[in-house]
>>> print(open('target_27.tsv').read())   # TSV, C-alpha atoms
chain	number	residue	atom	x	y	z
A	1	MET	CA	100.74	110.73	62.38
A	2	LEU	CA	97.68	109.75	64.45
A	3	ILE	CA	99.77	107.45	66.64
A	4	VAL	CA	102.24	110.28	67.35
A	5	LYS	CA	99.41	112.60	68.40
A	6	ARG	CA	97.94	109.95	70.71
A	7	ASN	CA	101.34	109.38	72.29
A	8	CYS	CA	101.72	113.15	72.86
A	9	VAL	CA	98.29	113.33	74.49
A	10	LYS	CA	99.13	110.41	76.77
A	11	ARG	CA	102.47	111.99	77.77
A	12	ASN	CA	100.74	115.33	78.51
A	13	LYS	CA	98.11	113.67	80.65
A	14	LEU	CA	100.76	111.71	82.50
A	15	LEU	CA	102.82	114.87	83.06
A	16	ARG	CA	99.81	116.79	84.41
A	17	ALA	CA	98.90	113.96	86.76
A	18	THR	CA	102.47	113.76	88.04
A	19	VAL	CA	102.55	117.52	88.70
A	20	CYS	CA	99.25	117.37	90.57
A	21	ILE	CA	100.50	114.53	92.77
A	22	VAL	CA	103.71	116.44	93.59
A	23	VAL	CA	101.75	119.60	94.44
A	24	LEU	CA	99.32	117.71	96.66
A	25	VAL	CA	102.10	115.89	98.50
A	26	SER	CA	104.05	119.13	98.99
A	27	ALA	CA	100.97	120.95	100.27
A	28	SER	CA	100.13	118.10	102.62
A	29	SER	CA	103.69	118.02	103.95
A	30	ALA	CA	103.69	121.77	104.50
A	31	THR	CA	100.33	121.59	106.28
A	32	LEU	CA	101.48	118.78	108.54
A	33	ALA	CA	104.72	120.60	109.31
A	34	SER	CA	102.95	123.84	110.28
A	35	THR	CA	99.99	122.31	112.10
A	36	PRO	CA	101.62	121.98	115.58
A	37	ALA	CA	102.66	125.64	115.61
A	38	GLN	CA	99.28	126.75	114.33
A	39	ARG	CA	97.54	124.62	116.94
A	40	ALA	CA	99.73	126.09	119.67
A	41	ARG	CA	99.01	129.66	118.58
A	42	GLY	CA	95.31	128.90	118.34
A	43	ALA	CA	95.27	127.33	121.80
A	44	VAL	CA	97.06	130.31	123.33
A	45	GLN	CA	94.60	132.72	121.70
A	46	ALA	CA	91.61	130.63	122.70
A	47	ASP	CA	92.80	130.29	126.31
A	48	ARG	CA	94.14	133.85	126.66
A	49	TRP	CA	91.45	134.95	129.09
A	50	GLU	CA	90.31	131.60	130.45
A	51	GLU	CA	92.31	132.01	133.66
A	52	THR	CA	90.89	135.51	134.14
A	53	MET	CA	87.32	134.32	133.61
A	54	ALA	CA	87.92	131.49	136.08
A	55	ALA	CA	89.23	134.02	138.62
A	56	PHE	CA	86.07	136.13	138.18
A	57	ALA	CA	83.94	133.02	138.72
A	58	ALA	CA	85.89	132.13	141.86
A	59	ALA	CA	85.42	135.65	143.22
A	60	ASP	CA	81.68	135.35	142.56
A	61	LEU	CA	81.57	132.12	144.57
A	62	ARG	CA	83.25	133.81	147.51
A	63	LYS	CA	80.90	136.79	147.38
A	64	ALA	CA	78.17	136.89	144.78
A	65	PRO	CA	77.54	140.42	143.48
A	66	PRO	CA	73.89	141.47	143.75
A	67	ALA	CA	71.89	141.68	140.55
A	68	GLY	CA	70.81	145.10	139.41
A	69	GLY	CA	74.09	146.87	140.11
A	70	VAL	CA	76.52	148.84	137.97
A	71	LEU	CA	79.06	146.73	136.12
A	72	PHE	CA	82.37	148.15	134.91
A	73	VAL	CA	84.04	146.00	132.25
A	74	GLY	CA	86.92	146.46	129.85
A	75	SER	CA	90.67	146.65	129.63
A	76	SER	CA	93.44	147.76	132.00
A	77	SER	CA	91.95	151.21	132.52
A	78	ILE	CA	89.20	149.42	134.44
A	79	ARG	CA	91.41	146.75	136.00
A	80	LEU	CA	93.91	149.28	137.39
A	81	TRP	CA	91.28	151.60	138.88
A	82	ASP	CA	91.96	151.17	142.59
A	83	LYS	CA	88.90	151.00	144.85
A	84	LEU	CA	86.59	151.52	141.91
A	85	GLU	CA	83.83	149.81	143.88
A	86	GLU	CA	83.98	152.69	146.40
A	87	GLN	CA	84.09	155.63	143.96
A	88	PHE	CA	80.35	156.14	143.54
A	89	GLU	CA	78.48	156.53	146.81
A	90	ALA	CA	75.44	154.37	147.48
A	91	VAL	CA	75.83	152.61	144.11
A	92	PRO	CA	76.68	148.88	144.10
A	93	VAL	CA	79.59	148.52	141.66
A	94	VAL	CA	81.09	145.34	140.21
A	95	LYS	CA	84.55	145.62	138.65
A	96	ARG	CA	85.50	143.16	135.91
A	97	GLY	CA	88.47	144.61	134.03
A	98	PHE	CA	91.07	142.45	132.32
A	99	GLY	CA	94.21	144.19	131.13
A	100	GLY	CA	95.15	143.99	127.47
A	101	SER	CA	91.64	143.03	126.45
A	102	ARG	CA	89.85	144.33	123.39
A	103	LEU	CA	86.27	145.21	122.70
A	104	ALA	CA	86.23	142.02	120.65
A	105	ASP	CA	87.05	140.07	123.83
A	106	CYS	CA	84.19	141.73	125.71
A	107	VAL	CA	81.87	140.49	122.99
A	108	LYS	CA	83.34	136.99	123.02
A	109	TYR	CA	82.94	136.56	126.78
A	110	LEU	CA	79.63	138.40	127.05
A	111	ASP	CA	77.83	135.66	128.97
A	112	ARG	CA	80.54	135.26	131.60
A	113	LEU	CA	81.48	138.92	131.74
A	114	VAL	CA	78.11	140.67	131.67
A	115	ILE	CA	74.96	138.56	131.36
A	116	LYS	CA	75.55	136.51	134.51
A	117	TYR	CA	75.53	139.66	136.66
A	118	ARG	CA	72.23	140.98	135.32
A	119	PRO	CA	73.32	144.62	135.82
A	120	ARG	CA	71.04	147.62	135.42
A	121	LEU	CA	73.97	149.56	133.90
A	122	VAL	CA	77.13	148.47	132.09
A	123	MET	CA	80.04	150.91	131.87
A	124	VAL	CA	82.45	149.62	129.23
A	125	TYR	CA	85.92	150.88	128.42
A	126	ALA	CA	87.44	149.03	125.47
A	127	GLY	CA	88.60	149.74	121.94
A	128	ASP	CA	91.98	151.23	122.78
A	129	ASN	CA	93.74	147.91	122.29
A	130	ASP	CA	91.64	147.05	119.22
A	131	LEU	CA	93.05	150.15	117.47
A	132	ALA	CA	96.58	149.40	118.66
A	133	GLU	CA	96.32	145.94	117.07
A	134	GLY	CA	95.23	147.32	113.71
A	135	GLY	CA	91.48	147.65	114.15
A	136	THR	CA	89.62	150.47	112.41
A	137	PRO	CA	87.04	152.93	113.76
A	138	GLN	CA	84.37	150.96	111.88
A	139	ASP	CA	85.58	147.79	113.62
A	140	ILE	CA	85.06	149.52	116.97
A	141	LEU	CA	81.51	150.50	116.03
A	142	ASN	CA	80.69	147.02	114.76
A	143	ARG	CA	82.04	145.38	117.91
A	144	PHE	CA	80.20	147.81	120.16
A	145	LYS	CA	77.00	147.11	118.25
A	146	ALA	CA	77.54	143.38	118.80
A	147	PHE	CA	78.17	144.09	122.49
A	148	THR	CA	74.99	146.12	122.98
A	149	GLU	CA	72.80	143.88	120.86
A	150	GLY	CA	74.08	140.80	122.70
A	151	ILE	CA	73.19	142.34	126.05
A	152	HIS	CA	69.80	143.69	125.01
A	153	LYS	CA	68.80	140.37	123.51
A	154	ARG	CA	69.08	138.84	126.99
A	155	LEU	CA	68.68	141.89	129.23
A	156	PRO	CA	66.47	144.33	127.34
A	157	LYS	CA	66.19	146.83	130.22
A	158	THR	CA	69.93	147.13	130.89
A	159	GLU	CA	71.52	150.46	130.02
A	160	ILE	CA	74.98	150.58	128.45
A	161	ALA	CA	77.50	153.42	128.55
A	162	PHE	CA	80.53	153.50	126.27
A	163	ILE	CA	83.47	155.27	127.93
A	164	SER	CA	85.22	156.97	125.03
A	165	ILE	CA	88.62	155.76	123.93
A	166	LYS	CA	91.12	157.92	125.76
A	167	PRO	CA	93.97	159.89	124.12
A	168	SER	CA	97.31	158.84	125.60
A	169	PRO	CA	100.87	160.09	124.97
A	170	ALA	CA	102.04	156.52	124.30
A	171	ARG	CA	99.48	156.13	121.51
A	172	ARG	CA	99.40	159.66	120.20
A	173	ALA	CA	99.66	158.32	116.64
A	174	LEU	CA	96.22	156.74	117.12
A	175	ILE	CA	94.44	159.91	118.29
A	176	ASP	CA	92.73	160.57	114.96
A	177	GLN	CA	91.49	156.98	114.80
A	178	ALA	CA	90.30	157.15	118.40
A	179	ARG	CA	88.46	160.39	117.67
A	180	ALA	CA	86.80	158.85	114.61
A	181	ALA	CA	85.80	155.70	116.52
A	182	ASN	CA	84.42	157.77	119.37
A	183	GLU	CA	82.35	159.84	116.97
A	184	LEU	CA	80.86	156.74	115.35
A	185	VAL	CA	79.90	155.34	118.74
A	186	ARG	CA	78.49	158.70	119.88
A	187	GLU	CA	76.23	158.81	116.81
A	188	TYR	CA	75.11	155.26	117.49
A	189	ALA	CA	74.38	156.10	121.14
A	190	ASP	CA	72.38	159.17	120.14
A	191	ALA	CA	70.11	156.94	118.09
A	192	HIS	CA	69.54	154.37	120.86
A	193	PRO	CA	67.80	155.49	124.07
A	194	GLN	CA	69.38	152.81	126.28
A	195	VAL	CA	72.93	153.59	125.15
A	196	GLU	CA	75.06	156.47	126.45
A	197	TYR	CA	78.34	157.95	125.29
A	198	VAL	CA	80.68	159.15	128.06
A	199	ASP	CA	83.20	161.68	126.77
A	200	VAL	CA	86.50	161.38	128.65
A	201	PHE	CA	88.41	162.04	125.42
A	202	THR	CA	87.85	165.81	125.25
A	203	PRO	CA	88.83	166.77	128.83
A	204	MET	CA	91.99	164.64	128.54
A	205	LEU	CA	93.36	166.89	125.79
A	206	ALA	CA	95.48	170.00	126.40
A	207	ALA	CA	94.83	173.31	124.67
A	208	ASP	CA	97.19	172.31	121.84
A	209	GLY	CA	95.28	169.09	121.21
A	210	ALA	CA	97.90	166.81	122.76
A	211	PRO	CA	97.09	164.28	125.51
A	212	ARG	CA	97.56	165.74	128.99
A	213	ALA	CA	100.70	163.98	130.25
A	214	GLU	CA	99.94	164.83	133.89
A	215	LEU	CA	97.02	162.39	133.83
A	216	PHE	CA	99.21	159.36	133.10
A	217	ARG	CA	101.69	157.07	134.81
A	218	LYS	CA	105.30	156.86	133.73
A	219	ASP	CA	104.38	154.48	130.91
A	220	SER	CA	102.33	157.31	129.32
A	221	LEU	CA	99.54	154.82	128.68
A	222	HIS	CA	97.78	154.07	131.95
A	223	LEU	CA	96.02	156.58	134.17
A	224	ASN	CA	97.40	157.89	137.45
A	225	ASP	CA	95.35	159.15	140.39
A	226	ALA	CA	94.72	162.50	138.68
A	227	GLY	CA	93.49	160.72	135.57
A	228	TYR	CA	91.07	158.57	137.54
A	229	ALA	CA	89.85	161.62	139.47
A	230	LEU	CA	88.96	163.23	136.15
A	231	TRP	CA	87.18	160.06	135.00
A	232	ARG	CA	85.20	159.89	138.23
A	233	LYS	CA	84.06	163.48	137.78
A	234	VAL	CA	82.97	162.88	134.17
A	235	MET	CA	81.22	159.59	134.96
A	236	ARG	CA	79.40	160.65	138.11
A	237	PRO	CA	76.25	161.82	136.24
A	238	PHE	CA	76.02	158.49	134.43
A	239	VAL	CA	76.60	156.12	137.37
A	240	ARG	CA	73.29	156.24	139.17
>>> encode(input="target_27.tsv", output="structure tokens")
Amino acid sequence: MLIVKRNCVKRNKLLRATVCIVVLVSASSATLASTPAQRARGAVQADRWEETMAAFAAADLRKAPPAGGVLFVGSSSIRLWDKLEEQFEAVPVVKRGFGGSRLADCVKYLDRLVIKYRPRLVMVYAGDNDLAEGGTPQDILNRFKAFTEGIHKRLPKTEIAFISIKPSPARRALIDQARAANELVREYADAHPQVEYVDVFTPMLAADGAPRAELFRKDSLHLNDAGYALWRKVMRPFVR
């Protein structure tokens, strides 16, 4: 009887060991098979804005922006603003918008996007794409905090203005999230003397609460001349 029990124990141990080996081999095979694709996706994500950052650096070599100016950074709403550098009289403006970017990207490239210019004021428009990619209002606040804290750690006297996430017809389903994110950032700005909240959200809504279609291009996402004229009017008191 004892011999039978010992044989059973040996067979069970052998079976468990065999199963473990099979599982490990299968997992290793699966990992090896997926690694090239994962590496490719990771490389694309890592290099997504490298060409843009290199273009900014090349532009700086051709004509270095003076320190102490006003820096506009953010997504396509900044990039597509024609002649932004000429919109605010007697104020030196640097434009560094990169379309499709998120607030998370502004944080990631903070040194190359903001710190190197040593601006007295940063006007940032970002967060729109974060929400479109599944981010939450709390994510927006956390990323904006990281953005401001990263700047003030290096440039403690620099002021920062958050241009509120705009309501657009193309992303009407995200209006409530945009409103919530804007409110969180506004509360944060109210508690920090070197941070401002610029409300473009409210004047871009019609009486019925819908985004004003006449402010947008045909894609219903990006601003047209009328939209930028409204932004200029709202921002003028802040850009000084």
>>> closest_residue(input="target_27.tsv", among="A:Phe238, A:Leu141, A:Glu86, A:Pro169", to="A:Leu215", atoms="all atoms listed in the file")
A:Pro169
>>> atom_distance(input="target_27.tsv", atom1="atom CA of A:Val94", atom2="atom CA of A:Ala180")
29.5 Å
>>> closest_residue(input="target_27.tsv", among="A:Arg48, A:Lys233, A:Arg212, A:Arg102", to="A:Ser168", atoms="only C-alpha atoms")
A:Arg212
>>> residues_around(input="target_27.tsv", residues="stretch 64-76 of chain A", least_positions_apart="5", cutoff="6 Å", atoms="all atoms listed in the file", output="PyMOL selection string")
chain A and resi 92-101+117-126
>>> atom_distance(input="target_27.tsv", atom1="atom CA of A:Trp231", atom2="atom CA of A:Arg186")
17.5 Å
>>> atom_distance(input="target_27.tsv", atom1="atom CA of A:Glu51", atom2="atom CA of A:Trp81")
20.3 Å
>>> closest_residue(input="target_27.tsv", among="A:Asp208, A:Asp199, A:Glu133, A:Glu214", to="A:Met235", atoms="all atoms listed in the file")
A:Asp199
>>> closest_residue(input="target_27.tsv", among="A:Ala189, A:Val107, A:Ala181, A:Ala146", to="A:Ala161", atoms="all atoms listed in the file")
A:Ala189
>>> closest_residue(input="target_27.tsv", among="A:Met53, A:Val234, A:Val91, A:Leu221", to="A:Arg171", atoms="all atoms listed in the file")
A:Leu221
>>> closest_residue(input="target_27.tsv", among="A:Ser164, A:Thr136, A:Asn129, A:Asn142", to="A:Glu183", atoms="only C-alpha atoms")
A:Ser164
>>> residues_around(input="target_27.tsv", residues="A:Arg172", least_positions_apart="4", cutoff="10 Å", atoms="all atoms listed in the file", output="PyMOL selection string")
chain A and resi 167-168+176-178+210-211+220-221
